[in-house]
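File shown here: protein_34.cif, holding mmCIF, C-alpha atoms.
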```
data_my_file
#
loop_
_atom_site.group_PDB
_atom_site.id
_atom_site.type_symbol
_atom_site.label_atom_id
_atom_site.label_comp_id
_atom_site.auth_asym_id
_atom_site.auth_seq_id
_atom_site.Cartn_x
_atom_site.Cartn_y
_atom_site.Cartn_z
ATOM 1 C CA MET A 851 -24.087 -12.568 22.009
ATOM 2 C CA ALA A 852 -20.338 -12.288 21.397
ATOM 3 C CA ALA A 853 -20.758 -13.630 17.864
ATOM 4 C CA LYS A 854 -23.506 -11.085 17.196
ATOM 5 C CA SER A 855 -21.306 -8.283 18.482
ATOM 6 C CA GLU A 856 -18.409 -9.391 16.272
ATOM 7 C CA GLU A 857 -20.732 -9.575 13.284
ATOM 8 C CA LYS A 858 -21.887 -5.988 13.876
ATOM 9 C CA MET A 859 -18.280 -4.827 14.213
ATOM 10 C CA LEU A 860 -17.393 -6.576 10.949
ATOM 11 C CA GLU A 861 -20.319 -4.898 9.199
ATOM 12 C CA ARG A 862 -19.154 -1.479 10.417
ATOM 13 C CA GLU A 863 -15.612 -2.134 9.224
ATOM 14 C CA PHE A 864 -16.773 -3.202 5.765
ATOM 15 C CA SER A 865 -19.136 -0.244 5.491
ATOM 16 C CA ALA A 866 -16.218 2.082 6.262
ATOM 17 C CA LEU A 867 -14.046 0.672 3.450
ATOM 18 C CA GLY A 868 -15.571 2.911 0.785
ATOM 19 C CA PHE A 869 -16.504 0.070 -1.570
ATOM 20 C CA GLU A 870 -19.916 1.591 -2.243
ATOM 21 C CA LYS A 871 -18.399 5.036 -2.870
ATOM 22 C CA HIS A 872 -16.090 3.751 -5.611
ATOM 23 C CA GLY A 873 -18.442 1.057 -6.864
ATOM 24 C CA ASP A 874 -19.283 2.886 -10.110
ATOM 25 C CA VAL A 875 -15.636 2.748 -11.189
ATOM 26 C CA ILE A 876 -14.905 -0.698 -9.765
ATOM 27 C CA LYS A 877 -17.744 -2.289 -11.719
ATOM 28 C CA THR A 878 -16.258 -0.942 -14.989
ATOM 29 C CA LEU A 879 -12.881 -2.588 -14.426
ATOM 30 C CA PRO A 880 -12.028 -5.497 -16.748
ATOM 31 C CA PRO A 881 -12.078 -8.712 -14.671
ATOM 32 C CA ASP A 882 -8.513 -9.652 -15.666
ATOM 33 C CA LEU A 883 -7.075 -6.289 -14.557
ATOM 34 C CA PHE A 884 -9.184 -6.292 -11.409
ATOM 35 C CA ALA A 885 -7.829 -9.774 -10.625
ATOM 36 C CA GLU A 886 -4.287 -8.460 -11.151
ATOM 37 C CA LEU A 887 -5.017 -5.536 -8.840
ATOM 38 C CA CYS A 888 -6.241 -7.963 -6.183
ATOM 39 C CA GLN A 889 -3.162 -10.160 -6.588
ATOM 40 C CA GLN A 890 -0.836 -7.167 -6.268
ATOM 41 C CA SER A 891 -2.658 -6.074 -3.105
ATOM 42 C CA ILE A 892 -2.312 -9.560 -1.624
ATOM 43 C CA ARG A 893 1.408 -9.749 -2.473
ATOM 44 C CA HIS A 894 1.968 -6.361 -0.873
ATOM 45 C CA LEU A 895 0.174 -7.430 2.325
ATOM 46 C CA GLN A 896 2.296 -10.599 2.361
ATOM 47 C CA HIS A 897 5.445 -8.440 2.033
ATOM 48 C CA GLN A 898 6.258 -10.141 -1.276
ATOM 49 C CA SER A 899 6.435 -6.905 -3.270
ATOM 50 C CA CYS A 900 7.736 -3.397 -2.630
ATOM 51 C CA GLY A 901 4.494 -1.738 -3.720
ATOM 52 C CA ILE A 902 1.982 -1.097 -6.481
ATOM 53 C CA ASP A 903 2.671 1.220 -9.396
ATOM 54 C CA HIS A 904 -0.543 3.251 -9.452
ATOM 55 C CA THR A 905 0.474 5.263 -12.510
ATOM 56 C CA LEU A 906 1.153 2.157 -14.609
ATOM 57 C CA LEU A 907 -2.070 0.538 -13.428
ATOM 58 C CA CYS A 908 -3.995 3.696 -14.317
ATOM 59 C CA GLU A 909 -2.479 3.772 -17.826
ATOM 60 C CA ARG A 910 -3.421 0.130 -18.394
ATOM 61 C CA LEU A 911 -6.998 0.764 -17.265
ATOM 62 C CA GLN A 912 -7.286 3.841 -19.476
ATOM 63 C CA ALA A 913 -6.001 1.797 -22.428
ATOM 64 C CA THR A 914 -8.978 -0.545 -22.012
ATOM 65 C CA GLY A 915 -11.412 2.377 -22.068
ATOM 66 C CA VAL A 916 -11.942 2.827 -18.322
ATOM 67 C CA LYS A 917 -12.414 6.510 -17.470
ATOM 68 C CA THR A 918 -10.227 7.011 -14.420
ATOM 69 C CA ASN A 919 -7.180 8.855 -13.129
ATOM 70 C CA VAL A 920 -4.251 8.121 -10.816
ATOM 71 C CA GLU A 921 -5.979 9.594 -7.771
ATOM 72 C CA GLN A 922 -9.025 7.398 -8.303
ATOM 73 C CA VAL A 923 -6.872 4.320 -8.868
ATOM 74 C CA GLU A 924 -5.066 5.034 -5.590
ATOM 75 C CA LYS A 925 -8.407 5.103 -3.760
ATOM 76 C CA ILE A 926 -9.538 1.844 -5.388
ATOM 77 C CA VAL A 927 -6.266 0.126 -4.442
ATOM 78 C CA HIS A 928 -6.723 1.410 -0.892
ATOM 79 C CA VAL A 929 -10.252 -0.055 -0.778
ATOM 80 C CA ILE A 930 -9.137 -3.466 -2.065
ATOM 81 C CA THR A 931 -6.088 -3.625 0.215
ATOM 82 C CA SER A 932 -8.215 -2.651 3.227
ATOM 83 C CA LEU A 933 -10.799 -5.260 2.205
ATOM 84 C CA PHE A 934 -8.257 -8.087 2.272
ATOM 85 C CA ARG A 935 -6.632 -6.774 5.450
ATOM 86 C CA THR A 936 -10.012 -6.781 7.208
ATOM 87 C CA ALA A 937 -10.812 -10.276 5.883
ATOM 88 C CA ALA A 938 -7.463 -11.553 7.163
ATOM 89 C CA LYS A 939 -7.959 -9.870 10.533
ATOM 90 C CA HIS A 940 -11.247 -11.736 11.025
ATOM 91 C CA LYS A 941 -9.942 -14.913 9.329
ATOM 92 C CA LEU A 942 -12.900 -15.047 6.953
ATOM 93 C CA SER A 943 -13.396 -17.907 4.532
ATOM 94 C CA SER A 944 -13.989 -17.021 0.871
ATOM 95 C CA GLU A 945 -17.713 -17.755 1.328
ATOM 96 C CA ASP A 946 -17.949 -15.594 4.464
ATOM 97 C CA LEU A 947 -16.104 -12.768 2.723
ATOM 98 C CA LEU A 948 -18.466 -12.905 -0.227
ATOM 99 C CA SER A 949 -21.601 -12.950 1.926
ATOM 100 C CA THR A 950 -20.300 -10.067 4.070
ATOM 101 C CA ILE A 951 -19.595 -7.928 0.999
ATOM 102 C CA SER A 952 -22.951 -8.762 -0.562
ATOM 103 C CA ALA A 953 -24.770 -7.874 2.662
ATOM 104 C CA ASN A 954 -23.173 -4.432 2.887
ATOM 105 C CA VAL A 955 -22.517 -3.155 -0.654
ATOM 106 C CA LYS A 956 -23.769 -3.669 -4.189
ATOM 107 C CA VAL A 957 -20.983 -5.275 -6.228
ATOM 108 C CA PRO A 958 -21.252 -6.754 -9.744
ATOM 109 C CA LYS A 959 -21.213 -10.550 -9.908
ATOM 110 C CA GLN A 960 -17.988 -10.699 -11.960
ATOM 111 C CA ILE A 961 -16.176 -8.569 -9.374
ATOM 112 C CA LEU A 962 -17.448 -10.816 -6.568
ATOM 113 C CA GLN A 963 -16.219 -13.885 -8.464
ATOM 114 C CA VAL A 964 -12.733 -12.406 -8.762
ATOM 115 C CA ILE A 965 -12.619 -11.557 -5.039
ATOM 116 C CA TRP A 966 -13.887 -15.041 -4.135
ATOM 117 C CA HIS A 967 -11.283 -16.751 -6.331
ATOM 118 C CA VAL A 968 -8.330 -14.631 -5.137
ATOM 119 C CA TRP A 969 -9.270 -15.030 -1.476
ATOM 120 C CA LYS A 970 -9.835 -18.761 -1.874
ATOM 121 C CA GLU A 971 -6.292 -19.087 -3.249
ATOM 122 C CA GLU A 972 -4.479 -16.658 -0.923
ATOM 123 C CA GLY A 973 -6.738 -16.041 2.080
ATOM 124 C CA ASN A 974 -5.393 -18.752 4.364
ATOM 125 C CA ARG A 975 -1.773 -17.690 3.947
ATOM 126 C CA LEU A 976 -2.608 -14.046 4.591
ATOM 127 C CA SER A 977 -4.767 -14.854 7.619
ATOM 128 C CA GLU A 978 -1.949 -16.901 9.157
ATOM 129 C CA LEU A 979 0.553 -14.040 9.122
ATOM 130 C CA LYS A 980 1.778 -13.144 12.587
ATOM 131 C CA GLY A 981 4.101 -10.542 14.062
ATOM 132 C CA ALA A 982 4.100 -6.844 14.833
ATOM 133 C CA ARG A 983 4.429 -5.717 11.216
ATOM 134 C CA ASP A 984 1.952 -8.143 9.686
ATOM 135 C CA LEU A 985 -1.032 -6.333 8.163
ATOM 136 C CA VAL A 986 -0.206 -3.169 10.114
ATOM 137 C CA PRO A 987 -0.704 0.095 8.182
ATOM 138 C CA VAL A 988 2.875 1.403 8.220
ATOM 139 C CA GLY A 989 5.139 2.699 5.477
ATOM 140 C CA GLN A 990 8.362 1.078 4.333
ATOM 141 C CA LEU A 991 11.591 2.448 2.908
ATOM 142 C CA VAL A 992 12.318 0.424 -0.246
ATOM 143 C CA ASP A 993 15.209 2.364 -1.769
ATOM 144 C CA ILE A 994 17.644 5.142 -0.920
ATOM 145 C CA GLN A 995 20.024 6.980 -3.246
ATOM 146 C CA TRP A 996 22.375 9.885 -2.657
ATOM 147 C CA LYS A 997 24.740 12.155 -4.516
ATOM 148 C CA VAL A 998 27.077 15.029 -3.683
ATOM 149 C CA GLY A 999 26.620 18.389 -5.402
ATOM 150 C CA MET A 1000 27.936 21.925 -5.275
ATOM 151 C CA ALA A 1001 25.600 24.848 -4.606
ATOM 152 C CA VAL A 1002 25.907 27.715 -7.065
ATOM 153 C CA SER A 1003 23.378 29.884 -5.238
ATOM 154 C CA SER A 1004 21.584 29.676 -1.926
ATOM 155 C CA ASP A 1005 19.437 31.789 0.369
ATOM 156 C CA SER A 1006 21.101 30.290 3.435
ATOM 157 C CA CYS A 1007 24.751 30.202 2.316
ATOM 158 C CA ARG A 1008 26.867 33.271 1.727
ATOM 159 C CA SER A 1009 29.622 31.463 -0.157
ATOM 160 C CA LEU A 1010 29.114 29.724 -3.485
ATOM 161 C CA ASN A 1011 30.442 26.275 -4.413
ATOM 162 C CA HIS A 1012 29.142 25.021 -1.087
ATOM 163 C CA PRO A 1013 28.945 21.174 -1.018
ATOM 164 C CA TYR A 1014 25.680 19.446 -0.172
ATOM 165 C CA VAL A 1015 24.183 15.942 -0.325
ATOM 166 C CA THR A 1016 20.943 15.106 -2.120
ATOM 167 C CA LEU A 1017 19.014 12.145 -0.679
ATOM 168 C CA ALA A 1018 16.285 10.401 -2.689
ATOM 169 C CA LEU A 1019 14.095 8.066 -0.652
ATOM 170 C CA LYS A 1020 11.571 5.730 -2.223
ATOM 171 C CA VAL A 1021 8.783 4.941 0.237
ATOM 172 C CA VAL A 1022 5.780 2.649 -0.057
ATOM 173 C CA ASP A 1023 2.772 3.238 2.205
ATOM 174 C CA TYR A 1024 0.549 0.520 3.649
ATOM 175 C CA THR A 1025 -1.712 0.543 0.569
ATOM 176 C CA GLY A 1026 1.226 -0.164 -1.734
ATOM 177 C CA LYS A 1027 1.518 3.343 -3.155
ATOM 178 C CA ILE A 1028 5.124 4.215 -4.031
ATOM 179 C CA THR A 1029 6.309 7.803 -3.625
ATOM 180 C CA SER A 1030 9.709 9.478 -3.837
ATOM 181 C CA LYS A 1031 10.986 11.962 -1.291
ATOM 182 C CA VAL A 1032 13.955 14.156 -2.239
ATOM 183 C CA PHE A 1033 15.732 16.550 0.110
ATOM 184 C CA GLU A 1034 19.112 18.227 0.489
ATOM 185 C CA LEU A 1035 21.475 18.166 3.468
ATOM 186 C CA THR A 1036 24.508 20.212 4.267
ATOM 187 C CA ILE A 1037 27.647 18.194 4.946
ATOM 188 C CA PRO A 1038 27.290 18.543 8.778
ATOM 189 C CA GLU A 1039 23.611 17.494 8.501
ATOM 190 C CA PHE A 1040 24.538 14.474 6.386
ATOM 191 C CA GLN A 1041 27.309 13.499 8.803
ATOM 192 C CA ASN A 1042 24.789 13.599 11.663
ATOM 193 C CA PHE A 1043 22.334 11.569 9.539
ATOM 194 C CA PHE A 1044 25.049 8.980 8.861
ATOM 195 C CA LYS A 1045 26.024 8.886 12.542
ATOM 196 C CA GLN A 1046 22.445 8.092 13.558
ATOM 197 C CA PHE A 1047 22.244 5.281 11.006
ATOM 198 C CA LYS A 1048 25.450 3.774 12.396
ATOM 199 C CA GLU A 1049 23.998 3.957 15.907
ATOM 200 C CA MET A 1050 20.819 2.195 14.750
ATOM 201 C CA SER A 1051 22.900 -0.473 13.028
ATOM 202 C CA SER A 1052 24.894 -1.067 16.208
ATOM 203 C CA VAL A 1053 21.720 -1.462 18.238
ATOM 204 C CA LEU A 1054 20.251 -3.921 15.739
ATOM 205 C CA GLU A 1055 23.405 -6.049 15.867
ATOM 206 C CA THR A 1056 22.855 -6.588 19.586
ATOM 207 C CA VAL A 1057 19.195 -7.588 19.224
#
```
Since I need it in another form, could you write the structure as structure tokens?
Amino acid sequence: MAAKSEEKMLEREFSALGFEKHGDVIKTLPPDLFAELCQQSIRHLQHQSCGIDHTLLCERLQATGVKTNVEQVEKIVHVITSLFRTAAKHKLSSEDLLSTISANVKVPKQILQVIWHVWKEEGNRLSELKGARDLVPVGQLVDIQWKVGMAVSSDSCRSLNHPYVTLALKVVDYTGKITSKVFELTIPEFQNFFKQFKEMSSVLETV
């Protein structure tokens, strides 16, 4: 009974991935680029890469004649990453993964072969990951840059030539999508920001 219940839960999870929804585009992907997409998703889940460049991947697909855009590529990457995360969560073998996909969605044979091959090579290592951050859908800060500038006009400052700090954060979400966040801080705000980072660093040193 427990096995039957787990099987039903697995079916619901796979049905919710959106594979069927994006199947028309997925089946047009060249097998070599689809395999690369799968490998990048696996490396991201294994914390071996900082993310997936959706824009570059989209340009490469368009160069092969695939009619797509960055937004659609992002959704496809999300589907594939979620697929492997779910397979790792349930510790599926490559054969079980293939049969589960086939039972829930219609996927071209060449796409199934790529998924089978990638999971056969990498599935065990991904399924064995342990720890609070493993396979958990959280974002990561991969880069931070800053520079000091002088304001020449401002709605909030009466005086010109007011110093400020520009922070540029590069963040990757759990699907591997990389985005940049840029914001400005006044000097007191930046000093408070720096103070909090020092406090966090001190706490981590005692852990």
At a cut-off of 8 Å, using all atoms listed in the file, what residues contact range 922-930 of chain A? Leave out same-chain residues fewer than 3 positions from it and give the result as a PyMOL selection string. chain A and resi 867-869+872+876+887-888+891+904+907-908+918-919+933-934+1025-1027
Under the rule that all atoms listed in the file are counted, which of A:Ala885, A:Ile1028, A:Val1021, A:Ala953 is the nearest residue to Leu906 in chain A?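 Smallest separation from Leu906 in chain A among the options: A:Ile1028.
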Computed interatomic separation between CA of Ser949 in chain A and CA of Gly901 in chain A (Å):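 CA of Ser949 in chain A sits 29.0 Å away from CA of Gly901 in chain A.
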Calculate how many Å separate CA of Asn1042 in chain A from CA of His1012 in chain A, rounding to one decimal.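 Taking CA of Asn1042 in chain A as the start and CA of His1012 in chain A as the end point, the length is 17.7 Å.
Across the structure, CA of Thr950 in chain A and CA of Val1022 in chain A are spaced 29.3 Å apart.
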Identify all residues satisfying the PyMOL selection byres ((chain A and resi 994-999) around 8) in the given file; provide them as an MDAnalysis selection string. chainID A and resid 991:993 1000:1001 1013:1020
Hey, which of A:His967, A:Lys956, A:Arg893, A:Arg975 ends up closest to Asp874 in chain A? Count all atoms listed in the file.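 Smallest separation from Asp874 in chain A among the options: A:Lys956.
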Tell me which residues the PyMOL selection byres ((chain A and resi 946) around 12) grabs here, as a PyMOL selection string. chain A and resi 857+860-861+937-938+940-945+947-953+965-966+969-970+973
Quick one: write out the picked residues with C-alpha atoms as a PDB file, in the frame of the given file?
```pdb
ATOM      1  CA  GLU A 857     -20.732  -9.575  13.284  1.00  0.00           C
ATOM      2  CA  LEU A 860     -17.393  -6.576  10.949  1.00  0.00           C
ATOM      3  CA  GLU A 861     -20.319  -4.898   9.199  1.00  0.00           C
ATOM      4  CA  ALA A 937     -10.812 -10.276   5.883  1.00  0.00           C
ATOM      5  CA  ALA A 938      -7.463 -11.553   7.163  1.00  0.00           C
ATOM      6  CA  HIS A 940     -11.247 -11.736  11.025  1.00  0.00           C
ATOM      7  CA  LYS A 941      -9.942 -14.913   9.329  1.00  0.00           C
ATOM      8  CA  LEU A 942     -12.900 -15.047   6.953  1.00  0.00           C
ATOM      9  CA  SER A 943     -13.396 -17.907   4.532  1.00  0.00           C
ATOM     10  CA  SER A 944     -13.989 -17.021   0.871  1.00  0.00           C
ATOM     11  CA  GLU A 945     -17.713 -17.755   1.328  1.00  0.00           C
ATOM     12  CA  LEU A 947     -16.104 -12.768   2.723  1.00  0.00           C
ATOM     13  CA  LEU A 948     -18.466 -12.905  -0.227  1.00  0.00           C
ATOM     14  CA  SER A 949     -21.601 -12.950   1.926  1.00  0.00           C
ATOM     15  CA  THR A 950     -20.300 -10.067   4.070  1.00  0.00           C
ATOM     16  CA  ILE A 951     -19.595  -7.928   0.999  1.00  0.00           C
ATOM     17  CA  SER A 952     -22.951  -8.762  -0.562  1.00  0.00           C
ATOM     18  CA  ALA A 953     -24.770  -7.874   2.662  1.00  0.00           C
ATOM     19  CA  ILE A 965     -12.619 -11.557  -5.039  1.00  0.00           C
ATOM     20  CA  TRP A 966     -13.887 -15.041  -4.135  1.00  0.00           C
ATOM     21  CA  TRP A 969      -9.270 -15.030  -1.476  1.00  0.00           C
ATOM     22  CA  LYS A 970      -9.835 -18.761  -1.874  1.00  0.00           C
ATOM     23  CA  GLY A 973      -6.738 -16.041   2.080  1.00  0.00           C
TER      24      GLY A 973
END
```
Return the padded bounding box of range 964-973 of chain A as AutoDock Vina command-line options: axis-aligned, built from all atoms listed in the file, 4 Å added on each side, with centre and edge lengths in Å to one decimal.
```
--center_x -9.2 --center_y -15.3 --center_z -3.3 --size_x 17.4 --size_y 15.5 --size_z 18.8
```
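Evaluated against this file, the PyMOL selection byres ((chain A and resi 976) around 8) yields Ile892, Leu895, Gln896, Ala938, Glu972, Gly973, Asn974, Arg975, Ser977, Glu978 and Leu979 of chain A.
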